[in-house]
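Q: Sharing my_file09.pdb below, PDB, N, CA and C atoms:
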ATOM      1  N   MET A   1      30.906   6.119  23.262
ATOM      2  CA  MET A   1      31.002   4.881  22.535
ATOM      3  C   MET A   1      30.302   5.030  21.189
ATOM      4  N   GLN A   2      31.010   4.690  20.120
ATOM      5  CA  GLN A   2      30.437   4.795  18.791
ATOM      6  C   GLN A   2      29.635   3.547  18.468
ATOM      7  N   THR A   3      28.535   3.769  17.764
ATOM      8  CA  THR A   3      27.767   2.626  17.292
ATOM      9  C   THR A   3      28.329   2.211  15.938
ATOM     10  N   PRO A   4      28.402   0.908  15.684
ATOM     11  CA  PRO A   4      28.946   0.470  14.404
ATOM     12  C   PRO A   4      28.054   0.920  13.253
ATOM     13  N   GLN A   5      28.695   1.338  12.170
ATOM     14  CA  GLN A   5      27.955   1.777  10.994
ATOM     15  C   GLN A   5      27.476   0.570  10.223
ATOM     16  N   GLN A   6      26.225   0.630   9.795
ATOM     17  CA  GLN A   6      25.679  -0.432   8.977
ATOM     18  C   GLN A   6      26.111  -0.214   7.532
ATOM     19  N   SER A   7      26.256  -1.312   6.826
ATOM     20  CA  SER A   7      26.521  -1.211   5.397
ATOM     21  C   SER A   7      25.271  -0.682   4.725
ATOM     22  N   PRO A   8      25.448   0.118   3.671
ATOM     23  CA  PRO A   8      24.262   0.600   2.969
ATOM     24  C   PRO A   8      23.512  -0.553   2.299
ATOM     25  N   ALA A   9      22.213  -0.409   2.217
ATOM     26  CA  ALA A   9      21.394  -1.370   1.468
ATOM     27  C   ALA A   9      21.499  -0.984  -0.002
ATOM     28  N   THR A  10      21.710  -1.969  -0.861
ATOM     29  CA  THR A  10      21.898  -1.695  -2.286
ATOM     30  C   THR A  10      21.126  -2.702  -3.121
ATOM     31  N   ILE A  11      20.570  -2.225  -4.226
ATOM     32  CA  ILE A  11      19.898  -3.105  -5.176
ATOM     33  C   ILE A  11      20.105  -2.530  -6.574
ATOM     34  N   SER A  12      20.190  -3.388  -7.552
ATOM     35  CA  SER A  12      20.304  -2.954  -8.948
ATOM     36  C   SER A  12      18.995  -3.240  -9.663
ATOM     37  N   VAL A  13      18.579  -2.295 -10.497
ATOM     38  CA  VAL A  13      17.344  -2.432 -11.267
ATOM     39  C   VAL A  13      17.589  -1.977 -12.700
ATOM     40  N   VAL A  14      16.757  -2.475 -13.594
ATOM     41  CA  VAL A  14      16.867  -2.108 -15.005
ATOM     42  C   VAL A  14      15.686  -1.216 -15.361
ATOM     43  N   ILE A  15      15.958  -0.110 -16.026
ATOM     44  CA  ILE A  15      14.904   0.795 -16.488
ATOM     45  C   ILE A  15      14.194   0.136 -17.662
ATOM     46  N   SER A  16      12.894  -0.105 -17.509
ATOM     47  CA  SER A  16      12.131  -0.715 -18.596
ATOM     48  C   SER A  16      11.224   0.296 -19.292
ATOM     49  N   ASN A  17      11.101   1.487 -18.719
ATOM     50  CA  ASN A  17      10.293   2.538 -19.335
ATOM     51  C   ASN A  17      10.912   2.885 -20.685
ATOM     52  N   GLU A  18      10.121   2.869 -21.748
ATOM     53  CA  GLU A  18      10.669   3.066 -23.086
ATOM     54  C   GLU A  18      11.344   4.418 -23.260
ATOM     55  N   TYR A  19      10.978   5.410 -22.443
ATOM     56  CA  TYR A  19      11.591   6.736 -22.548
ATOM     57  C   TYR A  19      12.708   6.943 -21.530
ATOM     58  N   GLY A  20      12.991   5.938 -20.737
ATOM     59  CA  GLY A  20      14.064   6.043 -19.754
ATOM     60  C   GLY A  20      13.642   6.829 -18.525
ATOM     61  N   LEU A  21      14.620   7.304 -17.807
ATOM     62  CA  LEU A  21      14.386   8.047 -16.561
ATOM     63  C   LEU A  21      14.285   9.534 -16.886
ATOM     64  N   HIS A  22      13.180   9.932 -17.524
ATOM     65  CA  HIS A  22      12.965  11.334 -17.847
ATOM     66  C   HIS A  22      12.312  12.020 -16.646
ATOM     67  N   LEU A  23      11.826  13.247 -16.822
ATOM     68  CA  LEU A  23      11.355  14.024 -15.670
ATOM     69  C   LEU A  23      10.182  13.408 -14.916
ATOM     70  N   ARG A  24       9.195  12.838 -15.608
ATOM     71  CA  ARG A  24       8.047  12.266 -14.890
ATOM     72  C   ARG A  24       8.471  11.116 -13.982
ATOM     73  N   PRO A  25       9.194  10.092 -14.498
ATOM     74  CA  PRO A  25       9.620   9.035 -13.584
ATOM     75  C   PRO A  25      10.619   9.526 -12.524
ATOM     76  N   ALA A  26      11.440  10.496 -12.876
ATOM     77  CA  ALA A  26      12.374  11.051 -11.883
ATOM     78  C   ALA A  26      11.598  11.716 -10.749
ATOM     79  N   ASP A  27      10.508  12.410 -11.108
ATOM     80  CA  ASP A  27       9.657  13.037 -10.099
ATOM     81  C   ASP A  27       9.030  11.981  -9.189
ATOM     82  N   LEU A  28       8.497  10.919  -9.773
ATOM     83  CA  LEU A  28       7.895   9.844  -8.977
ATOM     84  C   LEU A  28       8.921   9.194  -8.060
ATOM     85  N   PHE A  29      10.111   8.945  -8.598
ATOM     86  CA  PHE A  29      11.175   8.323  -7.808
ATOM     87  C   PHE A  29      11.534   9.228  -6.625
ATOM     88  N   ALA A  30      11.763  10.510  -6.898
ATOM     89  CA  ALA A  30      12.156  11.441  -5.838
ATOM     90  C   ALA A  30      11.054  11.588  -4.793
ATOM     91  N   ARG A  31       9.787  11.641  -5.239
ATOM     92  CA  ARG A  31       8.678  11.758  -4.287
ATOM     93  C   ARG A  31       8.591  10.537  -3.378
ATOM     94  N   MET A  32       8.879   9.359  -3.915
ATOM     95  CA  MET A  32       8.880   8.180  -3.061
ATOM     96  C   MET A  32      10.102   8.204  -2.135
ATOM     97  N   ALA A  33      11.242   8.602  -2.672
ATOM     98  CA  ALA A  33      12.481   8.620  -1.890
ATOM     99  C   ALA A  33      12.378   9.536  -0.672
ATOM    100  N   ILE A  34      11.700  10.673  -0.823
ATOM    101  CA  ILE A  34      11.615  11.600   0.311
ATOM    102  C   ILE A  34      10.711  11.088   1.428
ATOM    103  N   CYS A  35       9.987  10.016   1.172
ATOM    104  CA  CYS A  35       9.164   9.400   2.221
ATOM    105  C   CYS A  35      10.021   8.626   3.226
ATOM    106  N   PHE A  36      11.301   8.453   2.915
ATOM    107  CA  PHE A  36      12.203   7.693   3.772
ATOM    108  C   PHE A  36      13.219   8.621   4.437
ATOM    109  N   VAL A  37      13.623   8.264   5.639
ATOM    110  CA  VAL A  37      14.609   9.036   6.388
ATOM    111  C   VAL A  37      16.009   8.820   5.817
ATOM    112  N   SER A  38      16.268   7.641   5.323
ATOM    113  CA  SER A  38      17.607   7.282   4.835
ATOM    114  C   SER A  38      18.074   8.188   3.709
ATOM    115  N   GLU A  39      19.387   8.325   3.612
ATOM    116  CA  GLU A  39      19.991   9.004   2.467
ATOM    117  C   GLU A  39      19.960   8.022   1.309
ATOM    118  N   ILE A  40      19.570   8.501   0.139
ATOM    119  CA  ILE A  40      19.425   7.630  -1.017
ATOM    120  C   ILE A  40      20.302   8.145  -2.154
ATOM    121  N   THR A  41      21.111   7.254  -2.686
ATOM    122  CA  THR A  41      21.995   7.573  -3.796
ATOM    123  C   THR A  41      21.653   6.648  -4.954
ATOM    124  N   VAL A  42      21.618   7.206  -6.148
ATOM    125  CA  VAL A  42      21.366   6.411  -7.347
ATOM    126  C   VAL A  42      22.604   6.525  -8.236
ATOM    127  N   ARG A  43      23.103   5.379  -8.672
ATOM    128  CA  ARG A  43      24.295   5.342  -9.516
ATOM    129  C   ARG A  43      23.948   4.792 -10.886
ATOM    130  N   HIS A  44      24.530   5.416 -11.889
ATOM    131  CA  HIS A  44      24.408   4.948 -13.280
ATOM    132  C   HIS A  44      25.742   5.248 -13.955
ATOM    133  N   ASN A  45      26.335   4.210 -14.518
ATOM    134  CA  ASN A  45      27.682   4.320 -15.087
ATOM    135  C   ASN A  45      28.618   4.877 -14.016
ATOM    136  N   ASP A  46      29.268   5.974 -14.270
ATOM    137  CA  ASP A  46      30.240   6.501 -13.302
ATOM    138  C   ASP A  46      29.692   7.675 -12.496
ATOM    139  N   ARG A  47      28.372   7.873 -12.526
ATOM    140  CA  ARG A  47      27.763   8.997 -11.820
ATOM    141  C   ARG A  47      26.953   8.516 -10.626
ATOM    142  N   ALA A  48      26.967   9.308  -9.580
ATOM    143  CA  ALA A  48      26.156   9.051  -8.391
ATOM    144  C   ALA A  48      25.427  10.342  -8.047
ATOM    145  N   VAL A  49      24.104  10.231  -7.852
ATOM    146  CA  VAL A  49      23.301  11.422  -7.566
ATOM    147  C   VAL A  49      22.388  11.188  -6.374
ATOM    148  N   ASN A  50      21.872  12.278  -5.845
ATOM    149  CA  ASN A  50      20.919  12.254  -4.740
ATOM    150  C   ASN A  50      19.584  11.719  -5.261
ATOM    151  N   GLY A  51      19.109  10.625  -4.700
ATOM    152  CA  GLY A  51      17.860  10.017  -5.138
ATOM    153  C   GLY A  51      16.624  10.792  -4.745
ATOM    154  N   LYS A  52      16.791  11.855  -3.957
ATOM    155  CA  LYS A  52      15.656  12.680  -3.553
ATOM    156  C   LYS A  52      15.555  13.955  -4.388
ATOM    157  N   SER A  53      16.397  14.065  -5.425
ATOM    158  CA  SER A  53      16.424  15.250  -6.280
ATOM    159  C   SER A  53      15.992  14.890  -7.703
ATOM    160  N   ILE A  54      14.880  15.472  -8.139
ATOM    161  CA  ILE A  54      14.371  15.216  -9.490
ATOM    162  C   ILE A  54      15.428  15.602 -10.529
ATOM    163  N   LEU A  55      15.994  16.763 -10.376
ATOM    164  CA  LEU A  55      16.964  17.221 -11.374
ATOM    165  C   LEU A  55      18.210  16.359 -11.399
ATOM    166  N   ASP A  56      18.699  15.976 -10.225
ATOM    167  CA  ASP A  56      19.869  15.087 -10.186
ATOM    168  C   ASP A  56      19.573  13.787 -10.913
ATOM    169  N   LEU A  57      18.397  13.213 -10.656
ATOM    170  CA  LEU A  57      18.029  11.952 -11.297
ATOM    171  C   LEU A  57      17.931  12.104 -12.809
ATOM    172  N   ALA A  58      17.333  13.201 -13.264
ATOM    173  CA  ALA A  58      17.174  13.425 -14.701
ATOM    174  C   ALA A  58      18.532  13.576 -15.391
ATOM    175  N   THR A  59      19.516  14.114 -14.684
ATOM    176  CA  THR A  59      20.833  14.299 -15.306
ATOM    177  C   THR A  59      21.569  12.982 -15.540
ATOM    178  N   LEU A  60      21.072  11.901 -14.955
ATOM    179  CA  LEU A  60      21.704  10.607 -15.207
ATOM    180  C   LEU A  60      21.527  10.170 -16.662
ATOM    181  N   ALA A  61      20.516  10.705 -17.332
ATOM    182  CA  ALA A  61      20.218  10.351 -18.726
ATOM    183  C   ALA A  61      20.159   8.835 -18.897
ATOM    184  N   ALA A  62      19.491   8.163 -17.967
ATOM    185  CA  ALA A  62      19.380   6.708 -17.998
ATOM    186  C   ALA A  62      18.274   6.310 -18.967
ATOM    187  N   GLU A  63      18.659   5.659 -20.044
ATOM    188  CA  GLU A  63      17.713   5.258 -21.080
ATOM    189  C   GLU A  63      17.114   3.892 -20.765
ATOM    190  N   CYS A  64      16.144   3.499 -21.572
ATOM    191  CA  CYS A  64      15.552   2.181 -21.435
ATOM    192  C   CYS A  64      16.659   1.132 -21.517
ATOM    193  N   GLY A  65      16.661   0.209 -20.582
ATOM    194  CA  GLY A  65      17.680  -0.835 -20.533
ATOM    195  C   GLY A  65      18.855  -0.500 -19.631
ATOM    196  N   ALA A  66      18.925   0.747 -19.164
ATOM    197  CA  ALA A  66      20.022   1.158 -18.280
ATOM    198  C   ALA A  66      19.877   0.476 -16.922
ATOM    199  N   VAL A  67      21.007   0.162 -16.320
ATOM    200  CA  VAL A  67      21.020  -0.433 -14.984
ATOM    201  C   VAL A  67      21.322   0.664 -13.973
ATOM    202  N   LEU A  68      20.446   0.786 -12.988
ATOM    203  CA  LEU A  68      20.647   1.733 -11.896
ATOM    204  C   LEU A  68      20.977   0.959 -10.632
ATOM    205  N   SER A  69      21.860   1.508  -9.840
ATOM    206  CA  SER A  69      22.140   0.958  -8.521
ATOM    207  C   SER A  69      21.551   1.932  -7.507
ATOM    208  N   ILE A  70      20.625   1.429  -6.697
ATOM    209  CA  ILE A  70      19.981   2.253  -5.675
ATOM    210  C   ILE A  70      20.597   1.880  -4.335
ATOM    211  N   GLU A  71      21.107   2.877  -3.647
ATOM    212  CA  GLU A  71      21.784   2.656  -2.369
ATOM    213  C   GLU A  71      21.148   3.548  -1.313
ATOM    214  N   ALA A  72      20.893   2.993  -0.143
ATOM    215  CA  ALA A  72      20.316   3.772   0.946
ATOM    216  C   ALA A  72      21.078   3.498   2.238
ATOM    217  N   SER A  73      21.274   4.562   3.009
ATOM    218  CA  SER A  73      21.932   4.461   4.315
ATOM    219  C   SER A  73      21.052   5.144   5.343
ATOM    220  N   GLY A  74      20.683   4.398   6.370
ATOM    221  CA  GLY A  74      19.858   4.970   7.415
ATOM    222  C   GLY A  74      18.955   3.927   8.030
ATOM    223  N   PRO A  75      18.088   4.359   8.935
ATOM    224  CA  PRO A  75      17.277   3.413   9.697
ATOM    225  C   PRO A  75      16.253   2.643   8.868
ATOM    226  N   ASP A  76      15.822   3.191   7.740
ATOM    227  CA  ASP A  76      14.831   2.503   6.909
ATOM    228  C   ASP A  76      15.400   2.159   5.530
ATOM    229  N   ALA A  77      16.702   1.919   5.483
ATOM    230  CA  ALA A  77      17.395   1.689   4.216
ATOM    231  C   ALA A  77      16.850   0.491   3.444
ATOM    232  N   ASP A  78      16.627  -0.625   4.123
ATOM    233  CA  ASP A  78      16.130  -1.823   3.434
ATOM    234  C   ASP A  78      14.758  -1.574   2.814
ATOM    235  N   ALA A  79      13.880  -0.929   3.569
ATOM    236  CA  ALA A  79      12.542  -0.625   3.055
ATOM    237  C   ALA A  79      12.619   0.359   1.894
ATOM    238  N   ALA A  80      13.528   1.316   1.985
ATOM    239  CA  ALA A  80      13.668   2.323   0.929
ATOM    240  C   ALA A  80      14.102   1.687  -0.392
ATOM    241  N   VAL A  81      15.163   0.876  -0.366
ATOM    242  CA  VAL A  81      15.624   0.286  -1.632
ATOM    243  C   VAL A  81      14.581  -0.680  -2.191
ATOM    244  N   ALA A  82      13.886  -1.396  -1.327
ATOM    245  CA  ALA A  82      12.855  -2.328  -1.802
ATOM    246  C   ALA A  82      11.718  -1.566  -2.483
ATOM    247  N   ALA A  83      11.239  -0.492  -1.857
ATOM    248  CA  ALA A  83      10.133   0.282  -2.425
ATOM    249  C   ALA A  83      10.547   0.961  -3.725
ATOM    250  N   LEU A  84      11.743   1.515  -3.752
ATOM    251  CA  LEU A  84      12.211   2.202  -4.966
ATOM    252  C   LEU A  84      12.455   1.216  -6.101
ATOM    253  N   ALA A  85      12.952   0.037  -5.778
ATOM    254  CA  ALA A  85      13.140  -0.991  -6.805
ATOM    255  C   ALA A  85      11.783  -1.416  -7.373
ATOM    256  N   ARG A  86      10.779  -1.586  -6.502
ATOM    257  CA  ARG A  86       9.436  -1.937  -6.975
ATOM    258  C   ARG A  86       8.886  -0.854  -7.900
ATOM    259  N   LEU A  87       9.140   0.400  -7.561
ATOM    260  CA  LEU A  87       8.680   1.510  -8.394
ATOM    261  C   LEU A  87       9.294   1.421  -9.794
ATOM    262  N   VAL A  88      10.596   1.228  -9.861
ATOM    263  CA  VAL A  88      11.267   1.133 -11.160
ATOM    264  C   VAL A  88      10.777  -0.089 -11.922
ATOM    265  N   GLU A  89      10.689  -1.218 -11.234
ATOM    266  CA  GLU A  89      10.269  -2.468 -11.882
ATOM    267  C   GLU A  89       8.814  -2.422 -12.340
ATOM    268  N   SER A  90       7.998  -1.560 -11.723
ATOM    269  CA  SER A  90       6.596  -1.422 -12.122
ATOM    270  C   SER A  90       6.450  -0.446 -13.284
ATOM    271  N   ASP A  91       7.558  -0.045 -13.870
ATOM    272  CA  ASP A  91       7.565   0.942 -14.955
ATOM    273  C   ASP A  91       6.993   2.266 -14.456
ATOM    274  N   PHE A  92       7.297   2.573 -13.192
ATOM    275  CA  PHE A  92       6.887   3.816 -12.532
ATOM    276  C   PHE A  92       5.371   3.939 -12.427
ATOM    277  N   GLN A  93       4.713   2.799 -12.192
ATOM    278  CA  GLN A  93       3.252   2.773 -12.063
ATOM    279  C   GLN A  93       2.809   2.557 -10.611
ATOM    280  N   ALA A  94       3.741   2.315  -9.690
ATOM    281  CA  ALA A  94       3.368   2.067  -8.290
ATOM    282  C   ALA A  94       2.799   3.336  -7.661
ATOM    283  N   GLU A  95       1.990   3.141  -6.657
ATOM    284  CA  GLU A  95       1.404   4.282  -5.953
ATOM    285  C   GLU A  95       2.438   4.877  -5.004
ATOM    286  N   ILE A  96       2.509   6.202  -5.000
ATOM    287  CA  ILE A  96       3.462   6.919  -4.146
ATOM    288  C   ILE A  96       2.751   7.326  -2.874
ATOM    289  N   PRO A  97       3.284   6.923  -1.709
ATOM    290  CA  PRO A  97       2.659   7.368  -0.461
ATOM    291  C   PRO A  97       2.873   8.862  -0.265
ATOM    292  N   LYS A  98       1.977   9.491   0.446
ATOM    293  CA  LYS A  98       2.126  10.915   0.738
ATOM    294  C   LYS A  98       3.169  11.084   1.834
ATOM    295  N   ALA A  99       4.076  12.053   1.622
ATOM    296  CA  ALA A  99       5.103  12.344   2.640
ATOM    297  C   ALA A  99       4.426  12.987   3.842
ATOM    298  N   SER A 100       4.908  12.626   5.017
ATOM    299  CA  SER A 100       4.303  13.197   6.217
ATOM    300  C   SER A 100       5.016  14.441   6.653
TER     301      SER A 100
END
I'd like the structure from this file rewritten - as structure tokens, please.
A:
Amino acid sequence: MQTPQQSPATISVVISNEYGLHLRPADLFARMAICFVSEITVRHNDRAVNGKSILDLATLAAECGAVLSIEASGPDADAAVAALARLVESDFQAEIPKAS
């Protein structure tokens, strides 16, 4: 018997960092993302990348004012999108938990 698939949790956020999603914020985002079991995808314009990959995130070239869509699928999807949205909205100043 198959279990029904849950819809992915999704949230949209605006990059307020004046330099956009460069390597430092991409690193912080990816480090937070890997703390979650869920698969995380970040979309900008027509691109979708792995939210747990610093390089993938940096290739989005998301500048200040860009809208990102954060999508997570898995058992902790709601918590993942909420935490990642808070990170972006805090201008990448939120504390990153240590991965276990």
Q: Using the chain letters and numbers from this file, what does the PyMOL selection byres (((chain A and resi 70 and name CA) around 8) and name CA) select? Give the answer as a PDB file with N, CA and C atoms, in the frame of the given file.
A:
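The file below, expr14.pdb, is the result:
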ATOM      1  N   THR A  10      21.710  -1.969  -0.861  1.00  0.00           N
ATOM      2  CA  THR A  10      21.898  -1.695  -2.286  1.00  0.00           C
ATOM      3  C   THR A  10      21.126  -2.702  -3.121  1.00  0.00           C
ATOM      4  N   ILE A  11      20.570  -2.225  -4.226  1.00  0.00           N
ATOM      5  CA  ILE A  11      19.898  -3.105  -5.176  1.00  0.00           C
ATOM      6  C   ILE A  11      20.105  -2.530  -6.574  1.00  0.00           C
ATOM      7  N   SER A  12      20.190  -3.388  -7.552  1.00  0.00           N
ATOM      8  CA  SER A  12      20.304  -2.954  -8.948  1.00  0.00           C
ATOM      9  C   SER A  12      18.995  -3.240  -9.663  1.00  0.00           C
ATOM     10  N   VAL A  13      18.579  -2.295 -10.497  1.00  0.00           N
ATOM     11  CA  VAL A  13      17.344  -2.432 -11.267  1.00  0.00           C
ATOM     12  C   VAL A  13      17.589  -1.977 -12.700  1.00  0.00           C
ATOM     13  N   ILE A  40      19.570   8.501   0.139  1.00  0.00           N
ATOM     14  CA  ILE A  40      19.425   7.630  -1.017  1.00  0.00           C
ATOM     15  C   ILE A  40      20.302   8.145  -2.154  1.00  0.00           C
ATOM     16  N   THR A  41      21.111   7.254  -2.686  1.00  0.00           N
ATOM     17  CA  THR A  41      21.995   7.573  -3.796  1.00  0.00           C
ATOM     18  C   THR A  41      21.653   6.648  -4.954  1.00  0.00           C
ATOM     19  N   VAL A  42      21.618   7.206  -6.148  1.00  0.00           N
ATOM     20  CA  VAL A  42      21.366   6.411  -7.347  1.00  0.00           C
ATOM     21  C   VAL A  42      22.604   6.525  -8.236  1.00  0.00           C
ATOM     22  N   ARG A  43      23.103   5.379  -8.672  1.00  0.00           N
ATOM     23  CA  ARG A  43      24.295   5.342  -9.516  1.00  0.00           C
ATOM     24  C   ARG A  43      23.948   4.792 -10.886  1.00  0.00           C
ATOM     25  N   LEU A  68      20.446   0.786 -12.988  1.00  0.00           N
ATOM     26  CA  LEU A  68      20.647   1.733 -11.896  1.00  0.00           C
ATOM     27  C   LEU A  68      20.977   0.959 -10.632  1.00  0.00           C
ATOM     28  N   SER A  69      21.860   1.508  -9.840  1.00  0.00           N
ATOM     29  CA  SER A  69      22.140   0.958  -8.521  1.00  0.00           C
ATOM     30  C   SER A  69      21.551   1.932  -7.507  1.00  0.00           C
ATOM     31  N   GLU A  71      21.107   2.877  -3.647  1.00  0.00           N
ATOM     32  CA  GLU A  71      21.784   2.656  -2.369  1.00  0.00           C
ATOM     33  C   GLU A  71      21.148   3.548  -1.313  1.00  0.00           C
ATOM     34  N   ALA A  72      20.893   2.993  -0.143  1.00  0.00           N
ATOM     35  CA  ALA A  72      20.316   3.772   0.946  1.00  0.00           C
ATOM     36  C   ALA A  72      21.078   3.498   2.238  1.00  0.00           C
ATOM     37  N   VAL A  81      15.163   0.876  -0.366  1.00  0.00           N
ATOM     38  CA  VAL A  81      15.624   0.286  -1.632  1.00  0.00           C
ATOM     39  C   VAL A  81      14.581  -0.680  -2.191  1.00  0.00           C
ATOM     40  N   LEU A  84      11.743   1.515  -3.752  1.00  0.00           N
ATOM     41  CA  LEU A  84      12.211   2.202  -4.966  1.00  0.00           C
ATOM     42  C   LEU A  84      12.455   1.216  -6.101  1.00  0.00           C
ATOM     43  N   ALA A  85      12.952   0.037  -5.778  1.00  0.00           N
ATOM     44  CA  ALA A  85      13.140  -0.991  -6.805  1.00  0.00           C
ATOM     45  C   ALA A  85      11.783  -1.416  -7.373  1.00  0.00           C
TER      46      ALA A  85
END
Q: Record the distance separating CA of Ala30 in chain A and CA of Arg47 in chain A, expressed in Å with one decimal.
A: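 Calculated distance between CA of Ala30 in chain A and CA of Arg47 in chain A is 16.9 Å.
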Q: I'd like the contact shell of Ala33 in chain A - 6 Å cut-off, only N, CA and C atoms, skipping same-chain residues fewer than 3 positions apart - returned as a ChimeraX atom specification.
A: /A:28-30,36,51-52
Q: At what distance in Å, to one decimal, does CA of Ala26 in chain A lie from CA of His44 in chain A?
A: 13.6 Å
Q: Chain A: which residues are strand (DSSP E) by DSSP, as a PyMOL selection string?
A: chain A and resi 9-14+39-44+47-50+67-73
Q: So which residues touch Gly20 in chain A within 6.5 Å, counting only N, CA and C atoms, skipping near sequence neighbours fewer than 5 positions away, as a list of chain:residue names?
A: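 The residues that qualify are A:Ile15, A:Ala62, A:Glu63, A:Cys64, A:Gly65.
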Q: With N, CA and C atoms kept, could you save the residues just selected as a PDB file, keeping the file's coordinate frame?
A:
ATOM      1  N   ILE A  15      15.958  -0.110 -16.026  1.00  0.00           N
ATOM      2  CA  ILE A  15      14.904   0.795 -16.488  1.00  0.00           C
ATOM      3  C   ILE A  15      14.194   0.136 -17.662  1.00  0.00           C
ATOM      4  N   ALA A  62      19.491   8.163 -17.967  1.00  0.00           N
ATOM      5  CA  ALA A  62      19.380   6.708 -17.998  1.00  0.00           C
ATOM      6  C   ALA A  62      18.274   6.310 -18.967  1.00  0.00           C
ATOM      7  N   GLU A  63      18.659   5.659 -20.044  1.00  0.00           N
ATOM      8  CA  GLU A  63      17.713   5.258 -21.080  1.00  0.00           C
ATOM      9  C   GLU A  63      17.114   3.892 -20.765  1.00  0.00           C
ATOM     10  N   CYS A  64      16.144   3.499 -21.572  1.00  0.00           N
ATOM     11  CA  CYS A  64      15.552   2.181 -21.435  1.00  0.00           C
ATOM     12  C   CYS A  64      16.659   1.132 -21.517  1.00  0.00           C
ATOM     13  N   GLY A  65      16.661   0.209 -20.582  1.00  0.00           N
ATOM     14  CA  GLY A  65      17.680  -0.835 -20.533  1.00  0.00           C
ATOM     15  C   GLY A  65      18.855  -0.500 -19.631  1.00  0.00           C
TER      16      GLY A  65
END
Q: Evaluate the PyMOL selection byres (((chain A and resi 17 and name CA) around 10) and name CA) against this structure - the residues, as a PyMOL selection string, please.
A: chain A and resi 14-16+18-22+25+63-66+88-92
Q: Please, what distance in Å, to one decimal, runs between atom C of Glu39 in chain A and CA of Gln93 in chain A?
A: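 So the answer is 22.0 Å.
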